[in-house]
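Q: Enclosed is the structure file model.txt (compact mmCIF, C-alpha atoms).
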# COMPACT_ATOMS: atom_id res chain seq x y z
CA MET O 1 125.23 130.31 110.32
CA SER O 2 126.86 127.11 109.02
CA ILE O 3 125.27 123.66 108.95
CA LYS O 4 127.53 121.48 111.11
CA ILE O 5 128.26 118.10 109.52
CA MET O 6 129.67 114.83 110.83
CA ILE O 7 130.75 112.13 108.35
CA ALA O 8 130.70 108.46 109.37
CA ASP O 9 132.21 106.10 106.80
CA ASP O 10 134.75 103.30 107.11
CA HIS O 11 136.69 104.43 104.04
CA SER O 12 139.06 107.30 104.75
CA MET O 13 139.18 108.33 101.09
CA VAL O 14 135.39 108.66 101.04
CA ARG O 15 135.42 110.75 104.21
CA GLU O 16 138.16 113.04 102.93
CA GLY O 17 136.48 113.32 99.54
CA LEU O 18 133.19 114.32 101.11
CA LYS O 19 134.92 116.80 103.40
CA SER O 20 136.78 118.42 100.51
CA LEU O 21 133.56 118.66 98.53
CA LEU O 22 131.52 120.13 101.39
CA ASP O 23 134.23 122.56 102.44
CA LEU O 24 133.54 124.37 99.16
CA GLU O 25 130.06 125.27 100.42
CA GLU O 26 129.80 128.55 102.33
CA ASN O 27 127.01 127.40 104.62
CA ILE O 28 128.37 123.91 105.45
CA GLU O 29 131.12 123.00 107.92
CA VAL O 30 132.44 119.46 108.55
CA ILE O 31 133.22 119.35 112.27
CA GLU O 32 133.94 115.65 112.82
CA GLN O 33 134.57 112.29 111.14
CA ALA O 34 134.10 108.68 112.32
CA GLU O 35 135.43 105.44 110.85
CA ASN O 36 132.73 103.05 112.12
CA GLY O 37 129.48 102.94 114.06
CA ILE O 38 131.02 102.65 117.52
CA ASP O 39 133.42 105.49 116.80
CA CYS O 40 130.47 107.53 115.54
CA LEU O 41 128.41 107.11 118.71
CA GLU O 42 131.40 107.86 120.92
CA LYS O 43 132.15 111.09 119.07
CA LEU O 44 128.51 112.12 119.16
CA GLU O 45 128.88 112.25 122.94
CA LYS O 46 131.39 115.07 122.46
CA VAL O 47 130.13 116.98 119.42
CA THR O 48 126.66 117.95 118.23
CA PRO O 49 126.41 118.16 114.44
CA ASP O 50 123.25 119.33 112.74
CA VAL O 51 123.42 116.58 110.13
CA LEU O 52 125.11 113.18 110.27
CA LEU O 53 126.17 111.70 106.92
CA LEU O 54 125.98 108.02 107.82
CA ASP O 55 127.25 105.14 105.72
CA ILE O 56 124.94 102.11 105.96
CA ASN O 57 127.60 99.44 105.56
CA MET O 58 130.32 99.80 108.21
CA PRO O 59 132.29 97.37 110.40
CA SER O 60 131.90 97.07 114.20
CA MET O 61 128.42 98.60 114.01
CA ASP O 62 126.54 99.37 110.80
CA GLY O 63 124.65 102.52 110.00
CA LEU O 64 121.23 101.03 110.72
CA GLU O 65 122.28 100.10 114.26
CA VAL O 66 123.68 103.59 114.78
CA LEU O 67 120.41 105.08 113.52
CA LYS O 68 118.41 102.82 115.84
CA LYS O 69 120.44 103.86 118.88
CA LEU O 70 120.17 107.54 118.02
CA LYS O 71 116.39 107.26 117.73
CA GLU O 72 116.22 105.40 121.05
CA LYS O 73 118.13 108.28 122.63
CA LYS O 74 115.76 110.74 120.92
CA SER O 75 118.77 112.47 119.38
CA LYS O 76 117.97 115.68 117.50
CA VAL O 77 120.75 115.05 114.95
CA LYS O 78 119.38 114.74 111.41
CA VAL O 79 120.55 111.49 109.79
CA LEU O 80 121.23 111.36 106.06
CA LEU O 81 122.11 107.83 104.99
CA LEU O 82 124.72 107.21 102.32
CA THR O 83 124.07 104.00 100.42
CA ALA O 84 125.46 102.02 97.49
CA HIS O 85 123.20 100.61 94.76
CA ASN O 86 123.52 97.06 96.12
CA GLU O 87 122.35 98.07 99.61
CA THR O 88 118.83 99.10 98.68
CA GLU O 89 117.34 96.16 100.63
CA TYR O 90 118.24 98.07 103.80
CA LEU O 91 116.27 101.17 102.86
CA LEU O 92 112.89 99.92 104.05
CA LYS O 93 114.37 99.15 107.45
CA ALA O 94 115.98 102.59 107.52
CA ALA O 95 112.61 104.17 106.73
CA GLU O 96 111.02 102.25 109.61
CA LEU O 97 113.76 103.45 111.95
CA GLY O 98 113.18 107.07 110.98
CA SER O 99 116.03 108.14 108.72
CA ASP O 100 115.75 111.73 107.51
CA GLY O 101 117.02 110.95 104.03
CA TYR O 102 118.91 108.69 101.63
CA VAL O 103 121.49 109.52 99.00
CA LEU O 104 123.54 107.24 96.78
CA LYS O 105 127.29 107.50 97.24
CA ASP O 106 127.76 108.26 93.56
CA ALA O 107 125.17 111.06 93.54
CA PRO O 108 126.21 114.43 92.08
CA SER O 109 127.67 116.82 94.66
CA SER O 110 124.84 119.27 94.00
CA LEU O 111 122.29 116.62 95.00
CA LEU O 112 124.14 115.85 98.24
CA VAL O 113 124.25 119.54 99.14
CA LYS O 114 120.53 119.82 98.37
CA ALA O 115 119.85 116.79 100.59
CA ILE O 116 121.84 118.27 103.48
CA ASN O 117 119.98 121.56 103.28
CA SER O 118 116.63 119.77 103.05
CA VAL O 119 117.06 117.54 106.10
CA TYR O 120 118.55 120.45 108.05
CA GLN O 121 115.31 122.34 107.43
CA GLY O 122 113.29 119.41 108.75
CA GLU O 123 112.30 117.86 105.44
CA THR O 124 112.76 114.25 104.37
CA PHE O 125 115.00 113.89 101.32
CA ILE O 126 115.01 110.78 99.16
CA GLN O 127 117.04 110.64 95.99
CA PRO O 128 114.46 110.18 93.19
CA SER O 129 115.95 106.90 91.94
CA LEU O 130 115.77 105.51 95.49
CA GLU O 131 112.22 106.74 96.09
CA LEU O 132 110.88 104.34 93.47
CA ILE O 133 112.72 101.45 95.11
CA ILE O 134 111.48 102.36 98.58
CA ASN O 135 107.88 102.69 97.41
CA ASP O 136 108.12 99.30 95.69
CA LYS O 137 109.49 97.72 98.86
CA ILE O 138 106.80 99.29 101.02
CA GLU O 139 104.13 97.90 98.69
CA GLU O 140 105.83 94.49 98.66
CA LYS O 141 105.86 94.50 102.48
CA LYS O 142 102.15 95.34 102.61
CA GLN O 143 101.35 92.46 100.27
CA ASP O 144 103.55 90.07 102.24
CA ASP O 145 101.85 91.09 105.50
CA LEU O 146 98.47 90.26 103.99
CA LYS O 147 99.75 86.87 102.85
CA ILE O 148 101.11 86.10 106.32
CA GLU O 149 97.79 87.09 107.91
CA SER O 150 96.03 84.58 105.62
CA LEU O 151 98.07 81.69 107.04
CA THR O 152 96.74 79.64 109.94
CA ARG O 153 98.86 79.17 113.06
CA ARG O 154 99.74 75.62 111.95
CA GLU O 155 100.65 76.78 108.43
CA CYS O 156 103.01 79.37 109.94
CA GLU O 157 104.67 76.63 111.98
CA VAL O 158 105.07 74.45 108.88
CA LEU O 159 106.44 77.36 106.83
CA LYS O 160 109.08 78.16 109.45
CA LEU O 161 110.25 74.53 109.62
CA LEU O 162 110.19 74.23 105.83
CA ALA O 163 112.30 77.40 105.59
CA ILE O 164 115.08 75.98 107.78
CA GLY O 165 115.36 72.98 105.45
CA MET O 166 113.21 70.30 107.07
CA TYR O 167 111.58 67.65 104.87
CA ASN O 168 107.89 66.82 105.22
CA LYS O 169 108.61 63.74 107.32
CA GLU O 170 110.78 65.77 109.74
CA ILE O 171 108.15 68.50 109.97
CA GLY O 172 105.48 65.89 110.74
CA GLU O 173 107.60 64.34 113.49
CA THR O 174 108.35 67.77 114.97
CA LEU O 175 104.72 68.88 114.99
CA ASN O 176 103.33 65.41 115.74
CA ILE O 177 101.20 65.33 112.60
CA THR O 178 101.17 62.92 109.64
CA GLU O 179 103.32 63.47 106.57
CA ARG O 180 100.16 63.60 104.47
CA THR O 181 98.85 66.46 106.63
CA VAL O 182 102.16 68.27 106.19
CA LYS O 183 101.86 67.93 102.41
CA ASN O 184 98.40 69.47 102.53
CA HIS O 185 99.68 72.35 104.65
CA VAL O 186 102.62 72.94 102.28
CA SER O 187 100.27 73.00 99.29
CA ASN O 188 98.01 75.55 101.02
CA ILE O 189 101.01 77.67 102.02
CA PHE O 190 102.29 77.78 98.43
CA LYS O 191 98.89 78.97 97.20
CA LYS O 192 98.46 81.61 99.91
CA ILE O 193 101.90 83.21 99.61
CA GLY O 194 102.09 82.82 95.83
CA VAL O 195 105.13 80.57 95.41
CA SER O 196 105.71 77.36 93.48
CA ASP O 197 108.49 75.60 95.38
CA ARG O 198 110.17 75.22 98.78
CA THR O 199 113.06 77.52 97.91
CA GLN O 200 110.73 80.40 97.09
CA ALA O 201 108.79 79.72 100.30
CA ALA O 202 112.03 79.85 102.29
CA VAL O 203 113.00 83.15 100.65
CA PHE O 204 109.56 84.54 101.59
CA ALA O 205 110.04 83.45 105.21
CA ILE O 206 113.52 84.94 105.41
CA ARG O 207 112.46 88.19 103.72
CA ASN O 208 109.73 88.63 106.30
CA SER O 209 111.91 87.65 109.28
CA LEU O 210 109.83 84.59 110.10
CA ILE O 211 113.06 82.75 110.86
CA ASP O 212 116.46 83.82 112.13
CA ILE O 213 119.40 83.46 109.75
Can the structure from this file be put into structure tokens for me?

A:
Amino acid sequence: MSIKIMIADDHSMVREGLKSLLDLEENIEVIEQAENGIDCLEKLEKVTPDVLLLDINMPSMDGLEVLKKLKEKKSKVKVLLLTAHNETEYLLKAAELGSDGYVLKDAPSSLLVKAINSVYQGETFIQPSLELIINDKIEEKKQDDLKIESLTRRECEVLKLLAIGMYNKEIGETLNITERTVKNHVSNIFKKIGVSDRTQAAVFAIRNSLIDI
């Protein structure tokens, strides 16, 4: 019995290349292709693959949004994310959403086939080089959460305003506190989250979704 595969990638050459590669496998059959996230979801209403090879970075709707919608629908399709090296910042979010696996686009064909078979059997497959990155990001997130918990409500308010580019005087006027008090809050924030300047503090806030960008 063949493992039914659907490929979702916005590059036709990538889709065709993957199909040609997988067609060489006796137990794998590519039954459908999609060129973006919306196309993918529409076609999943008509076909039921065992494993979806899903590109993270696609127009119209990216792979993470597709994954989110599939999980909301409680879809039984196994989702194997295809990612480029410069997209690793999305992997933690993908893990939170419940992806069944991650493989780099330039991975050897044998590794991709192994990943497909693994997720089909109900296992989670993470390419070894990506596993280190994911573990590092999970640890970083844990440490950031602890830092955020150490901030007072007022310090969180100051950090958010600082992160959107407000100066101390503007923050004071917004929160109806003195500029000197703002300076004290900023100093405490820097110590608690382990940064040395406003730019680093803003990056911390953005990384942890404390502000919308």

Q: Contacts of Lys69 (chain O) at 12 Å or less, counting all atoms listed in the file, minus same-chain residues fewer than 3 places along, as a ChimeraX atom specification?

A: /O:37-38,40-42,44,61-66,72-75,77,79,97-99

Q: When distances are computed from all atoms listed in the file, which of O:Lys43, O:Glu32, O:Leu91, O:Leu54 shows the smallest separation from Glu131 (chain O)?

A: O:Leu91

Q: Could you tell me which of O:Lys4, O:Asp10, O:Asp50, O:Ile148 comes closest to Ile31 (chain O) if we count all atoms listed in the file?

A: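 Using all atoms listed in the file, the shortest distance to Ile31 (chain O) belongs to O:Lys4.
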
Q: Which residues are close to Ile133 (chain O), i.e. within 10 Å by all atoms listed in the file, leaving aside same-chain residues fewer than 6 positions away? Reply as a PDB file with C-alpha atoms, in the frame of the given file.

A:
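Okay, selection33.pdb is ready:
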ATOM      1  CA  THR O  88     118.830  99.100  98.680  1.00  0.00           C
ATOM      2  CA  GLU O  89     117.340  96.160 100.630  1.00  0.00           C
ATOM      3  CA  LEU O  91     116.270 101.170 102.860  1.00  0.00           C
ATOM      4  CA  LEU O  92     112.890  99.920 104.050  1.00  0.00           C
ATOM      5  CA  GLU O 139     104.130  97.900  98.690  1.00  0.00           C
TER       6      GLU O 139
END

Q: For Asp106 (chain O), find every residue with an atom within 8 Å (counting only C-alpha atoms), except residues of its own chain fewer than 2 positions away, and show them as a list in words.

A: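 Once the adjacent positions are removed, what remains is Ala84, Leu104 and Pro108 of chain O.
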